[in-house]
Amino acid sequence: MADQPPRSPGVDAGGSDAHSGSSIEATKGTHSHVENHAPEALNPTNHPPSHPNELAEEDTAALEARVKNPLAGIPYDELMQRVTDFATEKDLLSHLPLLRKGALVAQNPELDRSEYYRSVTFGTSLELTPDERKVLKDEVEHKWRLPARLFLTIATCSIGAAVQGWDQTGTNGANIFFPDIYGIGGSSLRDKLLVGLVNAGPYIGSALIGCWLSDPINNWVGRRGVIFFAANFCIWPVIGSAFCHTWQQQLANRLLMGIGMGAKASTVPIYAAENSPASIRGALVMSWQMWTAFGIFLGTAFNLAVWNTGAINWRLMLGAPFLPAVPLLLLIYFCPESPRWYMKKNRYPEAWKSMVLLRNDPIQVARDIFYIHSQLEIEKKLMGNTSYRKRFIELFTVPRIRRANLAAFTVMIAQQMCGINIIAFYSTTVFKEAGSTDFQALLASFGFGLVNWLFAFPAFYTIDTFGRRSLLLFTFPQMTWTLLAAGLCTLMQQSTARTALIALFVYLFAAFYSPGEGPVPFTYAAEVYPLSHREMGMGFAVATCLFWASVLGMTFPFLLEAVGTVGAFGVYAGFNALAFLMIFCFVPETKQRTLEELDQVFEVRTRRFVGYQFGEVLPWWFRRWGLRKKGEVLRDIVDGRGQGEGEAENGGQKR
């Protein structure tokens with residue numbers, strides 16, 4: 001679903017105020033309650049450009065500024081004509097009166113709605129009804145009053161996420177059984193490599209095939225089609241893995257499973273983000289992580305439940321993860337397709353029908369349909385004609401996309417650097433290495449799964465309250481010391497206290513991970529790319545995450561053999577510290593910004609952003625919290641205005 005229009009002022013190419021709450025008073029001359037904020041002229045100097053290249057650069061800069069609010073500064077009569085032309089061209093004439101009101105609402109996003117919609121009218125024929133005024137007010141004051149079909153959409157996507165978690169913990173428990181059955185349970189280099197390869201199979205399949213199929217399949221059959229396709233690959237190969245008699249057969253099934261996991265992980269967060277309003281998008285999209293954590297919990301619980309079933313216990317552990325993929329397969333076509341995808345395909349009547357199911361009132365539908373259409377028209381002019389190859393190259397060459405790509409890459413690789421998937425893959429093995437029995441190791445892993453899931457719930461509140469960047473900067477130091485402490489506890493003499501302390505610090509590590517680095521990466525990557533590159537960008541980000549998951553899955557048995565549990569945990573504690581520094585330097589805040597509004601965030605050059613963090617944010621933090629000086633003001637890097645403490649803790653960006 002389309003997001004609300006931007007709420008905060010933008011910055012044009014020269015850094016001057018270009019926010020776009022152009023008023024009806026200025027454009028029509030009849031309303032006195034709204035200030036005019038017309039955009040700057042396309043050519044800010046008094047002389048015409050002297051060279052064609054200069055003209056092209058100015059036109060591009062003007063277009064980029066207009067992306068922030070494409071309706072900025074348009075006179076009333078011209079805006080109404082645009083709406084009429086739009087409705088005629090897109091076969092939406094039956095909705096023309098609503099579209100006119102929606103366009104005027106979208107043009108003035110800067111003003112406080114609770115006051116604005118009580119005092120401003122758009123003329124007799126465009127008067128907002130009491131119900132429309134109420135719904136526009138409620139979307140700010142009661143942001144969780146959402147249509148049932150939106151909740152069904154998010155719930156269906158979240159069920160699919162449970163497959164991701166359960167698949168990891170299936171091998172977690174089976175790792176202490178199947179290597180001996182397959183004849184690869186020895187301590188030789190070959191055996192260690194093959195055990196790691198079987199564990200990493202789904203992530204190899206995801207990183208090399210599944211994630212890269214996301215873009216073309218999305219283009220052909222839409223978001224729902226990709227999820228249906230992925231669900232099949234998360235059912236049949238998983239069932240097949242329970243019947244394998246050799247490691248080669250097991251590896252083949254797990255590679256096929258990875259195709260579905262990669263396509264699903266690259267699409268589901270985008271689908272959820274596109275259907276969610278900006279004010280709660282983070283909370284709804286992060287349900288991916290909560291249900292992934294729930295899948296991990298279910299897997300550890302199931303492993304514990306079937307531990308005593310005899311020789312088939314490991315087969316049950318490997319085959320059971322197909323269960324949550326079944327409702328995903330059955331429910332996905334009961335959910336509406338992404339209106340954004342329909343609009344991208346020029347299927348506007350279908351986009352309208354889809355958005356009606358995802359919004360509370362047609363006035364919101366009209367506002368968002370016209371606003372996003374206007375933004376997409378500018379984006380098309382900026383991007384031109386694209387191909388699969390060109391979109392991939394532009395991930396690294398177009399400045400706005402490159403910065404978003406760097407930020408998404410950073411949060412994704414940080415998820416692997418923190419060590420959570422090593423615990424998800426190998427916690428039972430680690431606890432056995434620490435001296436536990438099979439049952440004790442499975443029980444301790446169950447505790448990890450339970451903590452990981454329960455502590456995902458606070459993220460529903462924190463991700464849109466404290467923000468993505470703030471959560472990461474707080475939780476990574478905590479994960480560093482808890483992981484290091486867990487490793488140091490393995491140096492104690494074998495005892496119940498030793499096992500309990502190792503488990504305690506692993507659980508604390510999970511408790512800090514779940515509301516921070518757990519939900520942020522997929523939420524962040526799903527929202528930072530422009531629509532034209534969203535599938536490609538998400539595919540690259542998820543491929544990054546899952547490729548390094550496969551690398552770590554393959555290498556951890558060697559690391560554990562070479563340096564022991566304390567050394568392995570120490571290495572990952574160091575990775576956490578490095579990830580903290582990377583996030584500080586390369587990841588801007590995106591909390592509660594619309595998908596279109598993020599363009600202005602990523603207009604800030606990386607060098608300038610890094611310099612700002614070290615030159616202004618760190619000194620501000622030291623003065624405020626080290627010297628306890630209240631009232632310290634930090635300049636906002638986006639619009640240059642001063643901000644208070646809560647905003648400053650987001651790294652110099654408004655909330």
# chains A, B, ... in the order shown; residues from 1 in each chain; ligands from 1
call {"tool": "residues_around", "arguments": {"residues": "Val83 of chain A", "least_positions_apart": "4", "cutoff": "9 Å", "atoms": "only C-alpha atoms", "output": "list in words"}}
result
Glu78, Leu79, Ala87, Thr88, Leu96, Leu99, Arg100, Ala103 and Phe370 of chain A
call {"tool": "residues_around", "arguments": {"residues": "segment 327-329 of chain A", "least_positions_apart": "3", "cutoff": "8 Å", "atoms": "only C-alpha atoms", "output": "list in words"}}
result
Thr156, Cys157, Ile159, Gly160, Ile227, Phe228, Ala231, Asn232, Leu323, Pro324 and Ile332 of chain A
call {"tool": "residues_around", "arguments": {"residues": "Arg402 of chain A", "least_positions_apart": "3", "cutoff": "12 Å", "atoms": "only C-alpha atoms", "output": "ChimeraX atom specification"}}
result
/A:391-399,405-409,528-530,533,537,540,586,599,602-606
call {"tool": "select_by_dssp", "arguments": {"residues": "segment 269-307 of chain A", "states": "alpha helix (DSSP H)", "output": "short mmCIF file (atom, residue, chain, number, x, y, z; two decimals) with all heavy atoms, in the first residue's frame"}}
result
data_model
loop_
_atom_site.label_atom_id
_atom_site.label_comp_id
_atom_site.auth_asym_id
_atom_site.auth_seq_id
_atom_site.Cartn_x
_atom_site.Cartn_y
_atom_site.Cartn_z
N PRO A 269 9.47 -8.88 2.63
CA PRO A 269 9.58 -7.57 3.28
C PRO A 269 9.17 -6.41 2.38
O PRO A 269 8.59 -5.42 2.85
CB PRO A 269 11.07 -7.49 3.65
CG PRO A 269 11.52 -8.91 3.75
CD PRO A 269 10.75 -9.62 2.67
N ILE A 270 9.46 -6.50 1.07
CA ILE A 270 9.02 -5.45 0.14
C ILE A 270 7.49 -5.41 0.09
O ILE A 270 6.87 -4.34 0.16
CB ILE A 270 9.57 -5.72 -1.27
CG1 ILE A 270 11.08 -5.52 -1.31
CG2 ILE A 270 8.90 -4.82 -2.30
CD1 ILE A 270 11.70 -5.86 -2.64
N TYR A 271 6.89 -6.57 -0.03
CA TYR A 271 5.43 -6.67 -0.11
C TYR A 271 4.78 -6.08 1.15
O TYR A 271 3.82 -5.30 1.07
CB TYR A 271 5.06 -8.15 -0.27
CG TYR A 271 3.59 -8.45 -0.39
CD1 TYR A 271 2.81 -7.87 -1.39
CD2 TYR A 271 2.98 -9.36 0.47
CE1 TYR A 271 1.46 -8.17 -1.52
CE2 TYR A 271 1.63 -9.67 0.36
CZ TYR A 271 0.88 -9.08 -0.64
OH TYR A 271 -0.46 -9.38 -0.76
N ALA A 272 5.33 -6.42 2.31
CA ALA A 272 4.79 -5.88 3.56
C ALA A 272 5.00 -4.37 3.63
O ALA A 272 4.11 -3.62 4.05
CB ALA A 272 5.45 -6.57 4.75
N ALA A 273 6.19 -3.89 3.23
CA ALA A 273 6.48 -2.45 3.28
C ALA A 273 5.58 -1.66 2.35
O ALA A 273 5.09 -0.58 2.70
CB ALA A 273 7.95 -2.20 2.93
N GLU A 274 5.33 -2.19 1.16
CA GLU A 274 4.51 -1.48 0.18
C GLU A 274 3.04 -1.44 0.57
O GLU A 274 2.30 -0.60 0.09
CB GLU A 274 4.66 -2.13 -1.20
CG GLU A 274 6.03 -1.89 -1.81
CD GLU A 274 6.17 -2.48 -3.19
OE1 GLU A 274 5.36 -3.37 -3.54
OE2 GLU A 274 7.08 -2.06 -3.91
N ARG A 281 4.95 1.20 9.53
CA ARG A 281 5.57 0.28 8.57
C ARG A 281 6.66 -0.56 9.23
O ARG A 281 6.76 -1.76 9.01
CB ARG A 281 6.16 1.06 7.39
CG ARG A 281 6.66 0.15 6.28
CD ARG A 281 7.22 0.95 5.12
NE ARG A 281 8.42 1.67 5.51
CZ ARG A 281 8.54 2.99 5.48
NH1 ARG A 281 7.53 3.74 5.08
NH2 ARG A 281 9.65 3.57 5.86
N GLY A 282 7.49 0.07 10.05
CA GLY A 282 8.56 -0.68 10.69
C GLY A 282 8.03 -1.80 11.56
O GLY A 282 8.54 -2.91 11.53
N ALA A 283 6.98 -1.49 12.35
CA ALA A 283 6.43 -2.52 13.23
C ALA A 283 5.82 -3.66 12.44
O ALA A 283 5.99 -4.83 12.79
CB ALA A 283 5.37 -1.89 14.14
N LEU A 284 5.09 -3.35 11.36
CA LEU A 284 4.46 -4.41 10.58
C LEU A 284 5.48 -5.22 9.81
O LEU A 284 5.41 -6.45 9.75
CB LEU A 284 3.42 -3.81 9.63
CG LEU A 284 2.16 -3.25 10.29
CD1 LEU A 284 1.20 -2.73 9.24
CD2 LEU A 284 1.47 -4.31 11.14
N VAL A 285 6.45 -4.54 9.21
CA VAL A 285 7.45 -5.26 8.44
C VAL A 285 8.34 -6.10 9.35
O VAL A 285 8.77 -7.19 8.99
CB VAL A 285 8.29 -4.29 7.58
CG1 VAL A 285 9.38 -5.04 6.84
CG2 VAL A 285 7.40 -3.58 6.58
N SER A 287 7.50 -7.78 11.70
CA SER A 287 6.87 -9.05 12.05
C SER A 287 7.55 -10.21 11.31
O SER A 287 7.46 -11.36 11.73
CB SER A 287 5.38 -9.03 11.73
OG SER A 287 5.16 -8.88 10.34
N TRP A 288 8.25 -9.90 10.19
CA TRP A 288 9.08 -10.91 9.53
C TRP A 288 10.07 -11.50 10.52
O TRP A 288 10.23 -12.71 10.63
CB TRP A 288 9.81 -10.28 8.34
CG TRP A 288 10.92 -11.10 7.77
CD1 TRP A 288 12.25 -11.07 8.12
CD2 TRP A 288 10.81 -12.12 6.76
NE1 TRP A 288 12.97 -11.99 7.39
CE2 TRP A 288 12.10 -12.64 6.55
CE3 TRP A 288 9.74 -12.62 6.02
CZ2 TRP A 288 12.35 -13.65 5.62
CZ3 TRP A 288 10.00 -13.62 5.10
CH2 TRP A 288 11.29 -14.12 4.91
N GLN A 289 10.76 -10.62 11.27
CA GLN A 289 11.75 -11.10 12.23
C GLN A 289 11.09 -11.81 13.40
O GLN A 289 11.57 -12.82 13.88
CB GLN A 289 12.60 -9.93 12.74
CG GLN A 289 13.46 -10.26 13.95
CD GLN A 289 14.41 -11.41 13.73
OE1 GLN A 289 14.77 -11.71 12.59
NE2 GLN A 289 14.82 -12.07 14.80
N MET A 290 9.96 -11.27 13.88
CA MET A 290 9.32 -11.89 15.02
C MET A 290 8.90 -13.32 14.69
O MET A 290 9.07 -14.24 15.49
CB MET A 290 8.10 -11.08 15.46
CG MET A 290 7.58 -11.50 16.82
SD MET A 290 5.88 -11.02 17.11
CE MET A 290 5.00 -12.23 16.13
N TRP A 291 8.38 -13.51 13.47
CA TRP A 291 7.94 -14.85 13.09
C TRP A 291 9.10 -15.73 12.66
O TRP A 291 9.02 -16.96 12.77
CB TRP A 291 6.87 -14.76 12.00
CG TRP A 291 5.58 -14.26 12.56
CD1 TRP A 291 5.09 -13.00 12.49
CD2 TRP A 291 4.65 -15.02 13.32
NE1 TRP A 291 3.89 -12.92 13.15
CE2 TRP A 291 3.59 -14.14 13.68
CE3 TRP A 291 4.59 -16.35 13.74
CZ2 TRP A 291 2.50 -14.56 14.43
CZ3 TRP A 291 3.49 -16.77 14.48
CH2 TRP A 291 2.47 -15.88 14.81
N THR A 292 10.18 -15.14 12.19
CA THR A 292 11.40 -15.94 12.00
C THR A 292 11.87 -16.46 13.35
O THR A 292 12.25 -17.63 13.50
CB THR A 292 12.51 -15.09 11.34
OG1 THR A 292 12.07 -14.67 10.05
CG2 THR A 292 13.79 -15.90 11.19
N ALA A 293 11.86 -15.58 14.36
CA ALA A 293 12.23 -15.99 15.71
C ALA A 293 11.26 -17.04 16.25
O ALA A 293 11.67 -17.99 16.93
CB ALA A 293 12.25 -14.77 16.63
N PHE A 294 9.97 -16.89 15.90
CA PHE A 294 8.99 -17.89 16.32
C PHE A 294 9.29 -19.23 15.64
O PHE A 294 9.15 -20.30 16.25
CB PHE A 294 7.59 -17.42 15.96
CG PHE A 294 6.50 -18.37 16.38
CD1 PHE A 294 6.24 -18.59 17.72
CD2 PHE A 294 5.75 -19.06 15.44
CE1 PHE A 294 5.23 -19.47 18.11
CE2 PHE A 294 4.75 -19.94 15.82
CZ PHE A 294 4.49 -20.15 17.16
N GLY A 295 9.70 -19.18 14.36
CA GLY A 295 10.08 -20.41 13.67
C GLY A 295 11.28 -21.08 14.33
O GLY A 295 11.33 -22.31 14.45
N ILE A 296 12.26 -20.27 14.75
CA ILE A 296 13.41 -20.83 15.48
C ILE A 296 12.95 -21.49 16.78
O ILE A 296 13.38 -22.59 17.13
CB ILE A 296 14.44 -19.72 15.77
CG1 ILE A 296 15.10 -19.26 14.45
CG2 ILE A 296 15.51 -20.18 16.76
CD1 ILE A 296 16.03 -18.07 14.61
N PHE A 297 12.05 -20.81 17.48
CA PHE A 297 11.51 -21.38 18.72
C PHE A 297 10.76 -22.68 18.46
O PHE A 297 10.95 -23.68 19.17
CB PHE A 297 10.58 -20.35 19.38
CG PHE A 297 9.70 -20.93 20.45
CD1 PHE A 297 10.24 -21.41 21.64
CD2 PHE A 297 8.33 -21.02 20.26
CE1 PHE A 297 9.42 -21.95 22.62
CE2 PHE A 297 7.50 -21.56 21.23
CZ PHE A 297 8.05 -22.03 22.41
N LEU A 298 9.90 -22.69 17.43
CA LEU A 298 9.18 -23.92 17.10
C LEU A 298 10.14 -25.05 16.76
O LEU A 298 9.93 -26.20 17.15
CB LEU A 298 8.23 -23.68 15.93
CG LEU A 298 6.91 -22.96 16.20
CD1 LEU A 298 6.12 -22.82 14.91
CD2 LEU A 298 6.09 -23.72 17.25
N GLY A 299 11.18 -24.70 16.01
CA GLY A 299 12.16 -25.72 15.64
C GLY A 299 12.86 -26.32 16.84
O GLY A 299 13.01 -27.55 16.94
N THR A 300 13.29 -25.46 17.77
CA THR A 300 13.98 -25.98 18.96
C THR A 300 13.02 -26.79 19.83
O THR A 300 13.42 -27.81 20.42
CB THR A 300 14.59 -24.83 19.78
OG1 THR A 300 13.57 -23.87 20.10
CG2 THR A 300 15.69 -24.12 19.00
N ALA A 301 11.75 -26.34 19.90
CA ALA A 301 10.77 -27.09 20.68
C ALA A 301 10.48 -28.45 20.04
O ALA A 301 10.40 -29.48 20.73
CB ALA A 301 9.47 -26.27 20.79
N PHE A 302 10.35 -28.46 18.71
CA PHE A 302 10.08 -29.72 18.01
C PHE A 302 11.26 -30.67 18.14
O PHE A 302 11.08 -31.88 18.35
CB PHE A 302 9.79 -29.44 16.53
CG PHE A 302 9.31 -30.63 15.77
CD1 PHE A 302 7.97 -30.98 15.76
CD2 PHE A 302 10.21 -31.44 15.07
CE1 PHE A 302 7.53 -32.10 15.07
CE2 PHE A 302 9.77 -32.55 14.37
CZ PHE A 302 8.42 -32.89 14.37
N ASN A 303 12.48 -30.14 18.02
CA ASN A 303 13.67 -30.99 18.18
C ASN A 303 13.70 -31.66 19.54
O ASN A 303 14.03 -32.85 19.67
CB ASN A 303 14.94 -30.16 18.00
CG ASN A 303 15.12 -29.65 16.58
OD1 ASN A 303 14.42 -30.09 15.66
ND2 ASN A 303 16.03 -28.71 16.40
N LEU A 304 13.33 -30.88 20.55
CA LEU A 304 13.31 -31.43 21.91
C LEU A 304 12.20 -32.48 22.04
O LEU A 304 12.39 -33.53 22.68
CB LEU A 304 13.09 -30.29 22.91
CG LEU A 304 13.26 -30.61 24.39
CD1 LEU A 304 14.69 -31.04 24.70
CD2 LEU A 304 12.90 -29.38 25.23
N ALA A 305 11.06 -32.22 21.40
CA ALA A 305 9.92 -33.14 21.52
C ALA A 305 10.19 -34.48 20.86
O ALA A 305 9.72 -35.53 21.34
CB ALA A 305 8.67 -32.49 20.91
#
call {"tool": "atom_distance", "arguments": {"atom1": "atom CA of Glu561 of chain A", "atom2": "atom CA of Leu193 of chain A"}}
result
11.8 Å
call {"tool": "closest_residue", "arguments": {"among": "A:Ala174, A:Gly210, A:Leu331, A:Cys418", "to": "Val306 of chain A", "atoms": "only C-alpha atoms"}}
result
A:Ala174
call {"tool": "atom_distance", "arguments": {"atom1": "atom CA of Asn360 of chain A", "atom2": "atom CA of Leu146 of chain A"}}
result
6.5 Å
call {"tool": "residues_around", "arguments": {"residues": "Leu581 of chain A", "least_positions_apart": "4", "cutoff": "10 Å", "atoms": "only C-alpha atoms", "output": "list of chain:residue names"}}
result
A:Leu473, A:Phe476, A:Asn576, A:Ala577, A:Cys585, A:Phe586
call {"tool": "closest_residue", "arguments": {"among": "A:Val542, A:Ala568, A:Leu71, A:Ala311", "to": "Val430 of chain A", "atoms": "only C-alpha atoms"}}
result
A:Ala568
call {"tool": "closest_residue", "arguments": {"among": "A:Lys134, A:Arg635, A:Ile74, A:Glu616", "to": "Asp361 of chain A", "atoms": "only C-alpha atoms"}}
result
A:Lys134
call {"tool": "residues_around", "arguments": {"residues": "Ala252 of chain A", "least_positions_apart": "4", "cutoff": "8 Å", "atoms": "only C-alpha atoms", "output": "ChimeraX atom specification"}}
result
/A:201,248,256
call {"tool": "write_last_selection", "arguments": {"atoms": "N, CA and C atoms", "output": "mmCIF file, in the first residue's frame"}}
result
data_model
loop_
_atom_site.group_PDB
_atom_site.id
_atom_site.type_symbol
_atom_site.label_atom_id
_atom_site.label_comp_id
_atom_site.auth_asym_id
_atom_site.auth_seq_id
_atom_site.Cartn_x
_atom_site.Cartn_y
_atom_site.Cartn_z
ATOM 1 N N GLY A 201 23.768 -25.250 2.831
ATOM 2 C CA GLY A 201 23.104 -25.478 1.549
ATOM 3 C C GLY A 201 21.984 -24.499 1.215
ATOM 4 N N GLN A 248 24.883 -36.312 -0.228
ATOM 5 C CA GLN A 248 24.680 -35.674 -1.534
ATOM 6 C C GLN A 248 23.195 -35.383 -1.778
ATOM 7 N N LEU A 256 17.824 -26.715 -3.209
ATOM 8 C CA LEU A 256 16.516 -26.378 -3.781
ATOM 9 C C LEU A 256 15.672 -25.576 -2.785
#
call {"tool": "closest_residue", "arguments": {"among": "A:Leu501, A:Thr429, A:Tyr524, A:Leu531", "to": "Gly564 of chain A", "atoms": "only C-alpha atoms"}}
result
A:Thr429
call {"tool": "select_by_dssp", "arguments": {"residues": "segment 433-646 of chain A", "states": "strand (DSSP E or B)", "output": "PyMOL selection string"}}
result
chain A and resi 634-635+642-643
call {"tool": "atom_distance", "arguments": {"atom1": "atom CA of Ala541 of chain A", "atom2": "atom CA of Ala525 of chain A"}}
result
6.7 Å
call {"tool": "closest_residue", "arguments": {"among": "A:Thr544, A:Ser241, A:Thr490, A:Thr309", "to": "Met417 of chain A", "atoms": "only C-alpha atoms"}}
result
A:Thr544
call {"tool": "residues_around", "arguments": {"residues": "Gln168 of chain A", "least_positions_apart": "5", "cutoff": "12 Å", "atoms": "only C-alpha atoms", "output": "VMD selection string"}}
result
chain A and resid 161 to 163 173 to 175 198 to 203 238 254 257 to 258 261 292 to 300 303 317 to 321 420 to 428 449 546 549 to 550 553
